file model.pdb (PDB, C-alpha atoms)
ATOM      1  CA  MET A  73      25.291  -5.607 -13.655
ATOM      2  CA  THR A  74      22.875  -2.686 -13.982
ATOM      3  CA  THR A  75      20.407  -1.651 -11.288
ATOM      4  CA  ASP A  76      17.566  -3.057 -13.395
ATOM      5  CA  ASP A  77      19.418  -6.390 -13.719
ATOM      6  CA  LYS A  78      19.935  -6.504  -9.951
ATOM      7  CA  LYS A  79      16.241  -5.819  -9.406
ATOM      8  CA  LYS A  80      15.267  -8.602 -11.783
ATOM      9  CA  CYS A  81      17.460 -11.134  -9.978
ATOM     10  CA  LEU A  82      16.224 -10.026  -6.573
ATOM     11  CA  ARG A  83      12.583 -10.326  -7.636
ATOM     12  CA  GLN A  84      13.160 -13.985  -8.516
ATOM     13  CA  LYS A  85      14.872 -14.697  -5.181
ATOM     14  CA  VAL A  86      12.171 -13.025  -3.093
ATOM     15  CA  LYS A  87       9.344 -14.733  -4.992
ATOM     16  CA  ALA A  88      11.002 -18.071  -4.224
ATOM     17  CA  LEU A  89      11.158 -17.176  -0.509
ATOM     18  CA  LEU A  90       7.500 -16.162  -0.484
ATOM     19  CA  LYS A  91       6.447 -19.502  -1.954
ATOM     20  CA  LYS A  92       7.954 -21.228   1.095
ATOM     21  CA  LEU A  93       5.926 -19.126   3.521
ATOM     22  CA  SER A  94       2.946 -21.093   4.858
ATOM     23  CA  LEU A  95      -0.557 -19.664   4.978
ATOM     24  CA  SER A  96      -0.591 -19.808   8.763
ATOM     25  CA  GLU A  97       2.692 -17.877   8.947
ATOM     26  CA  ARG A  98       1.389 -15.279   6.491
ATOM     27  CA  MET A  99      -1.687 -14.737   8.625
ATOM     28  CA  PHE A 100       0.306 -14.628  11.874
ATOM     29  CA  GLN A 101       2.705 -12.000  10.538
ATOM     30  CA  SER A 102      -0.168 -10.021   9.010
ATOM     31  CA  ARG A 103      -1.931  -9.850  12.392
ATOM     32  CA  CYS A 104       1.305  -8.776  14.108
ATOM     33  CA  ILE A 105       1.632  -5.834  11.746
ATOM     34  CA  GLU A 106      -2.040  -4.932  12.012
ATOM     35  CA  ASN A 107      -2.074  -4.966  15.815
ATOM     36  CA  TYR A 108       1.068  -2.845  15.924
ATOM     37  CA  LEU A 109      -0.397  -0.412  13.432
ATOM     38  CA  TYR A 110      -3.486   0.350  15.519
ATOM     39  CA  GLU A 111      -1.290   1.492  18.417
ATOM     40  CA  GLN A 112       0.707   4.030  16.403
ATOM     41  CA  ASP A 113       0.076   7.769  16.293
ATOM     42  CA  PHE A 114       0.430   7.831  12.504
ATOM     43  CA  TYR A 115      -2.639   5.545  12.355
ATOM     44  CA  ARG A 116      -4.574   7.248  15.131
ATOM     45  CA  ASN A 117      -4.016  10.716  13.656
ATOM     46  CA  ALA A 118      -4.790   9.771  10.056
ATOM     47  CA  ASP A 119      -8.139  10.890   8.670
ATOM     48  CA  LEU A 120      -7.428   9.201   5.324
ATOM     49  CA  ILE A 121      -5.744   5.811   4.867
ATOM     50  CA  LEU A 122      -4.610   4.704   1.428
ATOM     51  CA  THR A 123      -4.158   0.952   1.662
ATOM     52  CA  TYR A 124      -4.288  -1.976  -0.783
ATOM     53  CA  LEU A 125      -6.287  -5.112  -1.537
ATOM     54  CA  PRO A 126      -3.708  -7.875  -0.995
ATOM     55  CA  ALA A 127      -2.547 -10.453  -3.477
ATOM     56  CA  GLU A 128      -1.797 -13.910  -2.064
ATOM     57  CA  SER A 129       1.885 -13.059  -1.609
ATOM     58  CA  GLU A 130       1.251  -9.810   0.288
ATOM     59  CA  VAL A 131       0.599  -8.957   3.921
ATOM     60  CA  ASN A 132      -3.170  -9.183   4.435
ATOM     61  CA  LEU A 133      -4.578  -6.057   6.075
ATOM     62  CA  LEU A 134      -8.164  -6.407   4.812
ATOM     63  CA  SER A 135      -9.654  -6.144   8.289
ATOM     64  CA  LEU A 136      -8.158  -2.642   8.444
ATOM     65  CA  ILE A 137     -11.000  -1.408   6.213
ATOM     66  CA  PRO A 138     -13.951  -2.057   8.583
ATOM     67  CA  ARG A 139     -11.793  -1.129  11.600
ATOM     68  CA  SER A 140     -10.903   2.223  10.019
ATOM     69  CA  PHE A 141     -14.598   2.903   9.402
ATOM     70  CA  ILE A 142     -15.285   2.312  13.100
ATOM     71  CA  ASP A 143     -12.402   4.673  13.901
ATOM     72  CA  ARG A 144     -14.060   7.308  11.667
ATOM     73  CA  LYS A 145     -11.427   7.357   8.984
ATOM     74  CA  LYS A 146     -11.863   7.458   5.235
ATOM     75  CA  ILE A 147     -10.172   4.650   3.365
ATOM     76  CA  ALA A 148      -9.285   4.210  -0.293
ATOM     77  CA  VAL A 149      -7.669   1.443  -2.326
ATOM     78  CA  PRO A 150      -5.850   1.469  -5.688
ATOM     79  CA  ARG A 151      -7.111   0.879  -9.185
ATOM     80  CA  VAL A 152      -4.589   0.807 -12.034
ATOM     81  CA  GLU A 153      -4.936   1.647 -15.684
ATOM     82  CA  LYS A 154      -3.639  -1.308 -17.662
ATOM     83  CA  ASN A 155      -0.806  -0.692 -20.136
ATOM     84  CA  SER A 156       0.138   2.549 -18.400
ATOM     85  CA  SER A 157       1.772   3.730 -15.172
ATOM     86  CA  ASN A 158      -1.414   5.448 -13.977
ATOM     87  CA  MET A 159      -2.983   4.533 -10.652
ATOM     88  CA  ASP A 160      -5.601   6.250  -8.489
ATOM     89  CA  PHE A 161      -7.248   5.466  -5.178
ATOM     90  CA  TYR A 162     -10.999   4.938  -4.829
ATOM     91  CA  PHE A 163     -12.958   5.274  -1.598
ATOM     92  CA  ILE A 164     -14.398   2.109  -0.033
ATOM     93  CA  ASP A 165     -17.431   2.066   2.258
ATOM     94  CA  GLY A 166     -16.122   0.250   5.322
ATOM     95  CA  SER A 167     -19.605  -0.200   6.781
ATOM     96  CA  ASP A 168     -20.301  -2.846   4.121
ATOM     97  CA  GLU A 169     -19.298  -6.251   5.515
ATOM     98  CA  ASN A 170     -19.178  -7.634   1.964
ATOM     99  CA  PHE A 171     -17.181  -4.770   0.470
ATOM    100  CA  LEU A 172     -14.998  -7.106  -1.596
ATOM    101  CA  GLU A 173     -18.013  -8.603  -3.357
ATOM    102  CA  ASN A 174     -20.127  -5.442  -3.536
ATOM    103  CA  GLN A 175     -17.555  -2.732  -4.239
ATOM    104  CA  CYS A 176     -14.669  -4.526  -5.957
ATOM    105  CA  HIS A 177     -13.890  -6.908  -8.806
ATOM    106  CA  SER A 178     -10.946  -8.672 -10.435
ATOM    107  CA  GLY A 179      -9.086  -6.066 -12.475
ATOM    108  CA  ALA A 180      -5.731  -5.560 -14.167
ATOM    109  CA  PHE A 181      -3.280  -8.464 -13.675
ATOM    110  CA  ASN A 182      -6.102 -10.398 -11.912
ATOM    111  CA  ILE A 183      -5.711  -8.215  -8.829
ATOM    112  CA  ILE A 184      -8.826  -7.236  -6.891
ATOM    113  CA  GLU A 185      -9.648  -3.574  -7.518
ATOM    114  CA  PRO A 186     -12.394  -1.125  -6.525
ATOM    115  CA  ASP A 187     -15.185  -0.671  -9.035
ATOM    116  CA  GLU A 188     -14.752   2.263 -11.367
ATOM    117  CA  LYS A 189     -18.068   3.688 -10.124
ATOM    118  CA  ARG A 190     -16.632   4.183  -6.618
ATOM    119  CA  PRO A 191     -15.728   7.823  -5.807
ATOM    120  CA  VAL A 192     -12.094   8.640  -6.535
ATOM    121  CA  PHE A 193      -9.689  10.569  -4.313
ATOM    122  CA  ASN A 194      -8.739  13.107  -6.963
ATOM    123  CA  ILE A 195      -5.424  14.549  -5.837
ATOM    124  CA  GLU A 196      -5.218  16.934  -8.799
ATOM    125  CA  ALA A 197      -8.623  18.543  -8.167
ATOM    126  CA  SER A 198      -9.651  17.632  -4.632
ATOM    127  CA  GLU A 199     -11.805  20.363  -3.128
ATOM    128  CA  ASP A 200     -14.567  18.447  -1.355
ATOM    129  CA  PHE A 201     -12.193  16.581   0.950
ATOM    130  CA  THR A 202      -8.762  17.761   2.016
ATOM    131  CA  PRO A 203      -7.340  15.436   4.685
ATOM    132  CA  GLU A 204      -5.115  16.734   7.453
ATOM    133  CA  ASN A 205      -3.135  13.503   7.855
ATOM    134  CA  ILE A 206      -2.709  10.766   5.250
ATOM    135  CA  LEU A 207      -1.307   7.310   5.968
ATOM    136  CA  VAL A 208      -0.242   5.234   2.960
ATOM    137  CA  LEU A 209       0.346   1.481   3.321
ATOM    138  CA  VAL A 210       2.462   0.229   0.438
ATOM    139  CA  PRO A 211       3.034  -3.420  -0.537
ATOM    140  CA  GLY A 212       6.131  -4.564  -2.403
ATOM    141  CA  LEU A 213       8.393  -7.496  -3.133
ATOM    142  CA  ALA A 214      11.236  -6.362  -0.876
ATOM    143  CA  PHE A 215      12.196  -3.513   1.439
ATOM    144  CA  SER A 216      15.280  -2.410   3.345
ATOM    145  CA  LYS A 217      15.364  -0.829   6.801
ATOM    146  CA  LYS A 218      16.370   2.421   5.080
ATOM    147  CA  GLY A 219      13.035   2.525   3.276
ATOM    148  CA  GLU A 220      14.180   1.272  -0.107
ATOM    149  CA  ARG A 221      11.439  -0.611  -1.958
ATOM    150  CA  LEU A 222      11.440  -3.184  -4.735
ATOM    151  CA  GLY A 223       8.141  -3.402  -6.588
ATOM    152  CA  HIS A 224       7.066  -5.437  -9.581
ATOM    153  CA  GLY A 225       8.627  -3.033 -12.066
ATOM    154  CA  LYS A 226       5.514  -1.206 -13.296
ATOM    155  CA  ALA A 227       6.243   2.002 -11.292
ATOM    156  CA  TYR A 228       2.598   2.452 -10.262
ATOM    157  CA  TYR A 229       3.432   3.385  -6.679
ATOM    158  CA  ASP A 230       6.508   5.458  -7.501
ATOM    159  CA  THR A 231       4.477   7.551  -9.933
ATOM    160  CA  TYR A 232       1.475   7.921  -7.642
ATOM    161  CA  LEU A 233       3.487   8.787  -4.537
ATOM    162  CA  GLU A 234       5.239  11.616  -6.377
ATOM    163  CA  ARG A 235       1.822  13.028  -7.307
ATOM    164  CA  LEU A 236       0.558  12.573  -3.752
ATOM    165  CA  LYS A 237       3.593  14.297  -2.251
ATOM    166  CA  LYS A 238       2.968  17.367  -4.435
ATOM    167  CA  PHE A 239      -0.683  17.401  -3.329
ATOM    168  CA  CYS A 240       0.292  17.244   0.352
ATOM    169  CA  ILE A 241       2.829  20.056   0.006
ATOM    170  CA  LYS A 242       0.240  22.223  -1.756
ATOM    171  CA  LYS A 243      -2.506  21.510   0.801
ATOM    172  CA  GLY A 244      -0.314  21.446   3.914
ATOM    173  CA  THR A 245      -1.298  17.827   4.574
ATOM    174  CA  SER A 246       0.862  15.557   6.735
ATOM    175  CA  LEU A 247       1.934  12.398   4.892
ATOM    176  CA  THR A 248       3.300   9.122   6.303
ATOM    177  CA  ILE A 249       4.271   6.358   3.867
ATOM    178  CA  CYS A 250       4.801   2.860   5.275
ATOM    179  CA  GLY A 251       6.111  -0.119   3.382
ATOM    180  CA  VAL A 252       4.479  -3.365   4.557
ATOM    181  CA  CYS A 253       6.150  -6.764   4.258
ATOM    182  CA  PHE A 254       6.794 -10.201   5.722
ATOM    183  CA  ASP A 255      10.103 -10.802   7.510
ATOM    184  CA  CYS A 256      11.560 -12.704   4.544
ATOM    185  CA  GLN A 257      11.044  -9.611   2.375
ATOM    186  CA  LEU A 258      13.115  -7.353   4.620
ATOM    187  CA  LEU A 259      16.682  -7.132   3.298
ATOM    188  CA  GLU A 260      19.826  -5.263   4.258
ATOM    189  CA  GLU A 261      19.875  -3.460   0.940
ATOM    190  CA  VAL A 262      17.562  -3.100  -2.050
ATOM    191  CA  PRO A 263      18.860  -1.802  -5.402
ATOM    192  CA  CYS A 264      17.247   1.521  -6.268
ATOM    193  CA  ASP A 265      17.836   4.687  -8.264
ATOM    194  CA  TYR A 266      16.381   8.186  -8.648
ATOM    195  CA  ARG A 267      13.071   6.776  -9.939
ATOM    196  CA  ASP A 268      12.333   4.864  -6.725
ATOM    197  CA  PHE A 269      10.295   6.489  -3.942
ATOM    198  CA  LEU A 270      11.617   5.898  -0.414
ATOM    199  CA  MET A 271       9.308   4.838   2.419
ATOM    200  CA  ASP A 272       9.134   6.829   5.664
ATOM    201  CA  LYS A 273       8.806   3.612   7.652
ATOM    202  CA  VAL A 274       8.890  -0.129   6.992
ATOM    203  CA  LEU A 275       6.517  -2.404   8.891
ATOM    204  CA  ALA A 276       7.775  -5.991   9.191
ATOM    205  CA  PRO A 277       7.188  -8.192  12.266
ATOM    206  CA  CYS A 278      10.887  -8.429  13.085
ATOM    207  CA  LEU A 279      11.097  -4.619  13.326
ATOM    208  CA  LEU A 280       8.093  -4.108  15.609
TER     209      LEU A 280
END
call {"tool": "encode", "arguments": {"input": "model.pdb", "output": "structure tokens"}}
result
Amino acid sequence: MTTDDKKKCLRQKVKALLKKLSLSERMFQSRCIENYLYEQDFYRNADLILTYLPAESEVNLLSLIPRSFIDRKKIAVPRVEKNSSNMDFYFIDGSDENFLENQCHSGAFNIIEPDEKRPVFNIEASEDFTPENILVLVPGLAFSKKGERLGHGKAYYDTYLERLKKFCIKKGTSLTICGVCFDCQLLEEVPCDYRDFLMDKVLAPCLL
């Protein structure tokens, strides 16, 4: 069985596990991760947080956006280009209590995305804002304790994180990449190859 075949089988198994997870358990585990996150130096030191707008099956960290604004951090969320592997992050105004309605819409694959008119964090030509410390919160279908990640197979994050790493090396910016998942998504091993980007840390309630 090839690595791609193993990934395909594992995606089906994890999706089945996620369907069994109740809404109350999803919210409980999400809050555990969020509360832990606020106490960590990699959050406190970050002046830019690249997070995500959660799908139903993902850890919900939406309240991170207004909290990060209060903590004087910039925050950006992803927007993908359909039928390609391109993804960029767009800044969200965390002072807006209705940021989902006012600054976002349903985009590719029916996932909530920032509006195209929002300012983009342009990592190829960023001169106006060069962060000192970036924290990236990455969703996925499965993770291992070693930082291996199984996504949905579109390679959006793998491609973007390679670009971001080059930016950080060029600018001398500190970068921390955290995979975020429910306990049932944390596995002993996740099939991966040279194309897959490893996480620096994995945040799951059972590890905190």
call {"tool": "closest_residue", "arguments": {"input": "model.pdb", "among": "A:Asp265, A:Asp160, A:Asp143, A:Glu260", "to": "Lys218 of chain A", "atoms": "all atoms listed in the file"}}
result
A:Glu260
call {"tool": "atom_distance", "arguments": {"input": "model.pdb", "atom1": "atom CA of Val86 of chain A", "atom2": "atom CA of Glu106 of chain A"}}
result
22.3 Å
call {"tool": "atom_distance", "arguments": {"input": "model.pdb", "atom1": "atom CA of Ser167 of chain A", "atom2": "atom CA of Lys146 of chain A"}}
result
11.0 Å
call {"tool": "closest_atom_pairs", "arguments": {"input": "model.pdb", "of": "segment 83-161 of chain A", "to": "segment 185-188 of chain A", "cutoff": "9 Å", "atoms": "only C-alpha atoms", "output": "Markdown table"}}
result
| residue | atom | partner | partner_atom | distance |
| --- | --- | --- | --- | --- |
| A:Tyr124 | CA | A:Glu185 | CA | 8.8 |
| A:Leu125 | CA | A:Glu185 | CA | 7.0 |
| A:Ala148 | CA | A:Pro186 | CA | 8.8 |
| A:Val149 | CA | A:Pro186 | CA | 6.8 |
| A:Pro150 | CA | A:Glu185 | CA | 6.6 |
| A:Arg151 | CA | A:Glu185 | CA | 5.4 |
| A:Val152 | CA | A:Glu185 | CA | 8.1 |
| A:Phe161 | CA | A:Pro186 | CA | 8.5 |
call {"tool": "closest_residue", "arguments": {"input": "model.pdb", "among": "A:Phe269, A:Phe201, A:Phe215, A:Phe163", "to": "Lys189 of chain A", "atoms": "all atoms listed in the file"}}
result
A:Phe163
call {"tool": "decode", "arguments": {"input": "model.pdb", "residues": "segment 139-197 of chain A", "atoms": "C-alpha atoms", "output": "PDB file, in the first residue's frame"}}
result
ATOM      1  CA  ARG A 139      -8.921  38.037  22.508  1.00  0.00           C
ATOM      2  CA  SER A 140      -5.838  38.532  20.321  1.00  0.00           C
ATOM      3  CA  PHE A 141      -7.030  42.041  19.449  1.00  0.00           C
ATOM      4  CA  ILE A 142      -7.262  42.845  23.165  1.00  0.00           C
ATOM      5  CA  ASP A 143      -3.750  41.421  23.579  1.00  0.00           C
ATOM      6  CA  ARG A 144      -2.565  43.784  20.805  1.00  0.00           C
ATOM      7  CA  LYS A 145      -1.754  41.137  18.262  1.00  0.00           C
ATOM      8  CA  LYS A 146      -2.472  41.109  14.556  1.00  0.00           C
ATOM      9  CA  ILE A 147      -4.460  38.137  13.347  1.00  0.00           C
ATOM     10  CA  ALA A 148      -5.032  36.707   9.885  1.00  0.00           C
ATOM     11  CA  VAL A 149      -7.045  33.800   8.506  1.00  0.00           C
ATOM     12  CA  PRO A 150      -6.737  31.782   5.274  1.00  0.00           C
ATOM     13  CA  ARG A 151      -8.395  32.214   1.922  1.00  0.00           C
ATOM     14  CA  VAL A 152      -7.769  29.591  -0.763  1.00  0.00           C
ATOM     15  CA  GLU A 153      -7.784  29.824  -4.517  1.00  0.00           C
ATOM     16  CA  LYS A 154     -10.098  27.124  -5.816  1.00  0.00           C
ATOM     17  CA  ASN A 155      -8.667  24.574  -8.260  1.00  0.00           C
ATOM     18  CA  SER A 156      -5.118  25.378  -7.175  1.00  0.00           C
ATOM     19  CA  SER A 157      -2.816  24.842  -4.192  1.00  0.00           C
ATOM     20  CA  ASN A 158      -2.574  28.579  -3.480  1.00  0.00           C
ATOM     21  CA  MET A 159      -3.552  29.978  -0.098  1.00  0.00           C
ATOM     22  CA  ASP A 160      -2.895  33.327   1.584  1.00  0.00           C
ATOM     23  CA  PHE A 161      -3.796  34.852   4.923  1.00  0.00           C
ATOM     24  CA  TYR A 162      -5.914  37.996   5.237  1.00  0.00           C
ATOM     25  CA  PHE A 163      -5.991  40.282   8.263  1.00  0.00           C
ATOM     26  CA  ILE A 164      -9.163  40.357  10.378  1.00  0.00           C
ATOM     27  CA  ASP A 165     -10.214  43.314  12.521  1.00  0.00           C
ATOM     28  CA  GLY A 166     -10.708  41.725  15.931  1.00  0.00           C
ATOM     29  CA  SER A 167     -12.456  44.802  17.326  1.00  0.00           C
ATOM     30  CA  ASP A 168     -15.519  43.927  15.226  1.00  0.00           C
ATOM     31  CA  GLU A 169     -17.815  41.703  17.308  1.00  0.00           C
ATOM     32  CA  ASN A 170     -19.545  40.551  14.112  1.00  0.00           C
ATOM     33  CA  PHE A 171     -16.370  39.856  12.147  1.00  0.00           C
ATOM     34  CA  LEU A 172     -17.752  36.632  10.670  1.00  0.00           C
ATOM     35  CA  GLU A 173     -20.723  38.436   9.137  1.00  0.00           C
ATOM     36  CA  ASN A 174     -18.953  41.688   8.254  1.00  0.00           C
ATOM     37  CA  GLN A 175     -15.521  40.511   7.115  1.00  0.00           C
ATOM     38  CA  CYS A 176     -16.051  36.944   5.895  1.00  0.00           C
ATOM     39  CA  HIS A 177     -18.242  34.851   3.610  1.00  0.00           C
ATOM     40  CA  SER A 178     -18.705  31.255   2.473  1.00  0.00           C
ATOM     41  CA  GLY A 179     -15.907  30.502   0.020  1.00  0.00           C
ATOM     42  CA  ALA A 180     -14.206  27.535  -1.617  1.00  0.00           C
ATOM     43  CA  PHE A 181     -15.548  24.135  -0.468  1.00  0.00           C
ATOM     44  CA  ASN A 182     -18.242  26.007   1.545  1.00  0.00           C
ATOM     45  CA  ILE A 183     -15.654  27.000   4.141  1.00  0.00           C
ATOM     46  CA  ILE A 184     -15.905  30.439   5.732  1.00  0.00           C
ATOM     47  CA  GLU A 185     -13.179  32.709   4.355  1.00  0.00           C
ATOM     48  CA  PRO A 186     -12.130  36.352   4.740  1.00  0.00           C
ATOM     49  CA  ASP A 187     -13.414  38.726   2.092  1.00  0.00           C
ATOM     50  CA  GLU A 188     -11.028  39.350  -0.764  1.00  0.00           C
ATOM     51  CA  LYS A 189     -11.094  43.079   0.051  1.00  0.00           C
ATOM     52  CA  ARG A 190      -9.436  42.450   3.436  1.00  0.00           C
ATOM     53  CA  PRO A 191      -5.708  43.353   3.533  1.00  0.00           C
ATOM     54  CA  VAL A 192      -3.452  40.393   2.786  1.00  0.00           C
ATOM     55  CA  PHE A 193      -0.306  39.379   4.663  1.00  0.00           C
ATOM     56  CA  ASN A 194       1.918  39.330   1.593  1.00  0.00           C
ATOM     57  CA  ILE A 195       4.876  37.157   2.526  1.00  0.00           C
ATOM     58  CA  GLU A 196       6.576  37.663  -0.844  1.00  0.00           C
ATOM     59  CA  ALA A 197       6.531  41.478  -0.668  1.00  0.00           C
TER      60      ALA A 197
END
